[in-house]
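A.B. asks: This is the content of final-v1.tsv (TSV, N, CA and C atoms):
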chain	number	residue	atom	x	y	z
A	1	MET	N	0.85	-1.17	0.00
A	1	MET	CA	0.00	0.00	0.00
A	1	MET	C	0.90	1.24	0.00
A	2	GLY	N	0.75	2.09	-0.99
A	2	GLY	CA	1.53	3.31	-1.07
A	2	GLY	C	0.96	4.41	-0.20
A	3	THR	N	1.75	5.46	-0.02
A	3	THR	CA	1.31	6.55	0.83
A	3	THR	C	0.17	7.34	0.21
A	4	ASP	N	0.02	7.29	-1.12
A	4	ASP	CA	-1.07	8.01	-1.76
A	4	ASP	C	-2.40	7.29	-1.62
A	5	GLU	N	-2.38	6.01	-1.29
A	5	GLU	CA	-3.60	5.23	-1.19
A	5	GLU	C	-4.32	5.42	0.15
A	6	CYS	N	-3.59	5.68	1.20
A	6	CYS	CA	-4.18	5.79	2.52
A	6	CYS	C	-3.60	7.00	3.23
A	7	ARG	N	-4.47	7.94	3.51
A	7	ARG	CA	-4.01	9.15	4.19
A	7	ARG	C	-4.86	9.34	5.44
A	8	GLU	N	-4.19	9.36	6.56
A	8	GLU	CA	-4.90	9.57	7.81
A	8	GLU	C	-4.03	10.36	8.78
A	9	LEU	N	-4.69	11.01	9.70
A	9	LEU	CA	-4.02	11.72	10.77
A	9	LEU	C	-4.27	10.93	12.04
A	10	VAL	N	-3.20	10.58	12.74
A	10	VAL	CA	-3.33	9.78	13.95
A	10	VAL	C	-2.98	10.67	15.14
A	11	ILE	N	-3.85	10.68	16.15
A	11	ILE	CA	-3.58	11.42	17.37
A	11	ILE	C	-3.75	10.48	18.55
A	12	GLY	N	-2.83	10.58	19.48
A	12	GLY	CA	-2.91	9.80	20.70
A	12	GLY	C	-3.23	10.71	21.87
A	13	ILE	N	-4.15	10.29	22.72
A	13	ILE	CA	-4.49	11.09	23.89
A	13	ILE	C	-4.44	10.23	25.15
A	14	ASP	N	-4.22	10.89	26.25
A	14	ASP	CA	-4.25	10.27	27.57
A	14	ASP	C	-5.43	10.88	28.30
A	15	PRO	N	-6.51	10.12	28.54
A	15	PRO	CA	-7.69	10.69	29.18
A	15	PRO	C	-7.43	11.21	30.59
A	16	ALA	N	-6.31	10.84	31.19
A	16	ALA	CA	-5.98	11.33	32.52
A	16	ALA	C	-5.39	12.75	32.47
A	17	ARG	N	-5.14	13.24	31.29
A	17	ARG	CA	-4.55	14.58	31.11
A	17	ARG	C	-5.50	15.46	30.31
A	18	ASN	N	-5.14	16.71	30.13
A	18	ASN	CA	-5.96	17.64	29.36
A	18	ASN	C	-5.78	17.35	27.87
A	19	TRP	N	-6.78	16.72	27.25
A	19	TRP	CA	-6.68	16.26	25.86
A	19	TRP	C	-7.61	16.98	24.92
A	20	HIS	N	-8.50	17.81	25.43
A	20	HIS	CA	-9.53	18.44	24.60
A	20	HIS	C	-8.95	19.32	23.49
A	21	LEU	N	-7.97	20.13	23.81
A	21	LEU	CA	-7.38	21.03	22.81
A	21	LEU	C	-6.67	20.23	21.71
A	22	SER	N	-5.95	19.19	22.08
A	22	SER	CA	-5.26	18.36	21.09
A	22	SER	C	-6.24	17.68	20.14
A	23	LEU	N	-7.33	17.17	20.68
A	23	LEU	CA	-8.32	16.50	19.86
A	23	LEU	C	-9.02	17.51	18.94
A	24	ALA	N	-9.32	18.69	19.44
A	24	ALA	CA	-9.95	19.73	18.61
A	24	ALA	C	-9.02	20.13	17.46
A	25	TRP	N	-7.72	20.28	17.76
A	25	TRP	CA	-6.76	20.62	16.70
A	25	TRP	C	-6.72	19.52	15.64
A	26	ALA	N	-6.62	18.26	16.09
A	26	ALA	CA	-6.52	17.14	15.15
A	26	ALA	C	-7.76	17.04	14.28
A	27	ALA	N	-8.94	17.21	14.87
A	27	ALA	CA	-10.18	17.12	14.09
A	27	ALA	C	-10.22	18.23	13.04
A	28	ASP	N	-9.84	19.43	13.43
A	28	ASP	CA	-9.82	20.55	12.48
A	28	ASP	C	-8.80	20.32	11.37
A	29	GLU	N	-7.63	19.87	11.75
A	29	GLU	CA	-6.56	19.62	10.77
A	29	GLU	C	-6.96	18.53	9.78
A	30	ALA	N	-7.53	17.45	10.28
A	30	ALA	CA	-7.96	16.35	9.42
A	30	ALA	C	-9.06	16.83	8.46
A	31	HIS	N	-9.99	17.62	8.97
A	31	HIS	CA	-11.07	18.14	8.13
A	31	HIS	C	-10.52	19.06	7.03
A	32	ARG	N	-9.62	19.97	7.40
A	32	ARG	CA	-9.06	20.91	6.42
A	32	ARG	C	-8.24	20.20	5.34
A	33	ARG	N	-7.58	19.12	5.70
A	33	ARG	CA	-6.73	18.40	4.75
A	33	ARG	C	-7.46	17.25	4.06
A	34	GLY	N	-8.70	16.98	4.44
A	34	GLY	CA	-9.45	15.88	3.83
A	34	GLY	C	-8.91	14.52	4.22
A	35	LEU	N	-8.44	14.38	5.46
A	35	LEU	CA	-7.85	13.13	5.93
A	35	LEU	C	-8.80	12.41	6.88
A	36	GLU	N	-8.64	11.09	6.95
A	36	GLU	CA	-9.33	10.32	7.98
A	36	GLU	C	-8.65	10.63	9.30
A	37	LEU	N	-9.39	10.57	10.39
A	37	LEU	CA	-8.83	10.82	11.72
A	37	LEU	C	-8.89	9.53	12.53
A	38	ARG	N	-7.74	9.12	13.06
A	38	ARG	CA	-7.68	7.92	13.92
A	38	ARG	C	-7.29	8.39	15.31
A	39	LEU	N	-8.09	8.03	16.28
A	39	LEU	CA	-7.86	8.40	17.67
A	39	LEU	C	-7.34	7.19	18.42
A	40	VAL	N	-6.21	7.36	19.09
A	40	VAL	CA	-5.61	6.31	19.90
A	40	VAL	C	-5.67	6.78	21.34
A	41	VAL	N	-6.27	5.98	22.21
A	41	VAL	CA	-6.45	6.37	23.61
A	41	VAL	C	-5.52	5.54	24.49
A	42	ALA	N	-4.80	6.22	25.37
A	42	ALA	CA	-3.93	5.54	26.31
A	42	ALA	C	-4.78	4.92	27.41
A	43	VAL	N	-4.53	3.64	27.67
A	43	VAL	CA	-5.27	2.92	28.71
A	43	VAL	C	-4.26	2.38	29.71
A	44	PRO	N	-4.48	2.63	30.98
A	44	PRO	CA	-3.52	2.13	31.97
A	44	PRO	C	-3.50	0.61	31.98
A	45	PRO	N	-2.34	0.02	32.26
A	45	PRO	CA	-2.25	-1.45	32.29
A	45	PRO	C	-3.04	-2.03	33.46
A	46	SER	N	-3.48	-3.24	33.27
A	46	SER	CA	-4.19	-3.95	34.34
A	46	SER	C	-3.16	-4.48	35.33
A	47	HIS	N	-3.38	-4.22	36.59
A	47	HIS	CA	-2.44	-4.70	37.62
A	47	HIS	C	-2.95	-5.97	38.28
A	48	ASP	N	-4.08	-6.47	37.81
A	48	ASP	CA	-4.66	-7.70	38.35
A	48	ASP	C	-4.06	-8.88	37.59
A	49	ARG	N	-3.08	-9.51	38.16
A	49	ARG	CA	-2.38	-10.61	37.47
A	49	ARG	C	-3.19	-11.90	37.48
A	50	TYR	N	-4.23	-11.99	38.29
A	50	TYR	CA	-4.99	-13.22	38.39
A	50	TYR	C	-6.21	-13.24	37.47
A	51	HIS	N	-6.67	-12.10	37.02
A	51	HIS	CA	-7.86	-12.02	36.20
A	51	HIS	C	-7.60	-11.20	34.95
A	52	GLY	N	-6.54	-11.50	34.25
A	52	GLY	CA	-6.21	-10.77	33.04
A	52	GLY	C	-7.22	-11.01	31.93
A	53	ASP	N	-7.46	-10.00	31.16
A	53	ASP	CA	-8.41	-10.11	30.04
A	53	ASP	C	-7.61	-10.32	28.76
A	54	ASP	N	-7.64	-11.53	28.23
A	54	ASP	CA	-6.91	-11.84	27.00
A	54	ASP	C	-7.82	-11.86	25.79
A	55	SER	N	-8.96	-11.20	25.87
A	55	SER	CA	-9.89	-11.20	24.74
A	55	SER	C	-9.25	-10.53	23.53
A	56	PRO	N	-9.61	-10.95	22.31
A	56	PRO	CA	-9.01	-10.38	21.10
A	56	PRO	C	-9.15	-8.87	21.01
A	57	GLY	N	-10.21	-8.31	21.55
A	57	GLY	CA	-10.41	-6.86	21.48
A	57	GLY	C	-9.35	-6.09	22.24
A	58	ARG	N	-8.78	-6.69	23.26
A	58	ARG	CA	-7.76	-6.04	24.06
A	58	ARG	C	-6.37	-6.16	23.44
A	59	LYS	N	-6.16	-7.16	22.63
A	59	LYS	CA	-4.84	-7.45	22.09
A	59	LYS	C	-4.67	-7.00	20.65
A	60	ALA	N	-5.76	-6.85	19.92
A	60	ALA	CA	-5.68	-6.63	18.49
A	60	ALA	C	-5.31	-5.19	18.15
A	61	MET	N	-4.52	-5.02	17.12
A	61	MET	CA	-4.22	-3.70	16.57
A	61	MET	C	-5.25	-3.40	15.50
A	62	LEU	N	-5.63	-2.15	15.39
A	62	LEU	CA	-6.64	-1.78	14.40
A	62	LEU	C	-6.01	-1.72	13.01
A	63	PRO	N	-6.71	-2.20	11.98
A	63	PRO	CA	-6.20	-2.11	10.62
A	63	PRO	C	-6.31	-0.67	10.12
A	64	PRO	N	-5.61	-0.31	9.06
A	64	PRO	CA	-5.76	1.02	8.47
A	64	PRO	C	-7.21	1.28	8.09
A	65	LEU	N	-7.61	2.54	8.13
A	65	LEU	CA	-8.98	2.90	7.79
A	65	LEU	C	-9.29	2.75	6.32
A	66	CYS	N	-8.28	2.82	5.49
A	66	CYS	CA	-8.54	2.73	4.04
A	66	CYS	C	-7.76	1.59	3.42
Show me, as structure tokens, the structure contained in the file I just sent.

C.D. replies:
Amino acid sequence: MGTDECRELVIGIDPARNWHLSLAWAADEAHRRGLELRLVVAVPPSHDRYHGDDSPGRKAMLPPLC
């Protein structure tokens, strides 16, 4: 897949911090450039070693949007 085939803007946020301004900037930038917007959210690790969730939704990486 070449770079001309898939164009997206990826932003990562940490919900424990002030993320509203970063997300607003990314949404505006993606809209102005005609790009897909992919949001990546930081999730704290599970500290429960006895009841770990190994479901595919927790382990899988998302495929490209296009």

A.B. asks: Write out as number ranges by chain the residues lying within 7 Å of region 14-28 of chain A, counting only N, CA and C atoms and excluding same-chain residues fewer than 4 positions away.

C.D. replies: A: 32-33, 37, 40-43

A.B. asks: Could you check how far atom C of Leu39 (chain A) sits from CA of Glu8 (chain A), in Å to one decimal?

C.D. replies: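 Those two atoms sit 11.1 Å apart.
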
A.B. asks: In Å, rounded to a single decimal, give me how far atom N of Leu9 (chain A) is from CA of Pro44 (chain A).

C.D. replies: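 Separating CA of Pro44 (chain A) from atom N of Leu9 (chain A) is a distance of 24.0 Å.
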
A.B. asks: One number please: CA of Ala30 (chain A) to CA of Ile13 (chain A), in Å, one decimal.

C.D. replies: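 Separating CA of Ala30 (chain A) from CA of Ile13 (chain A) is a distance of 15.8 Å.
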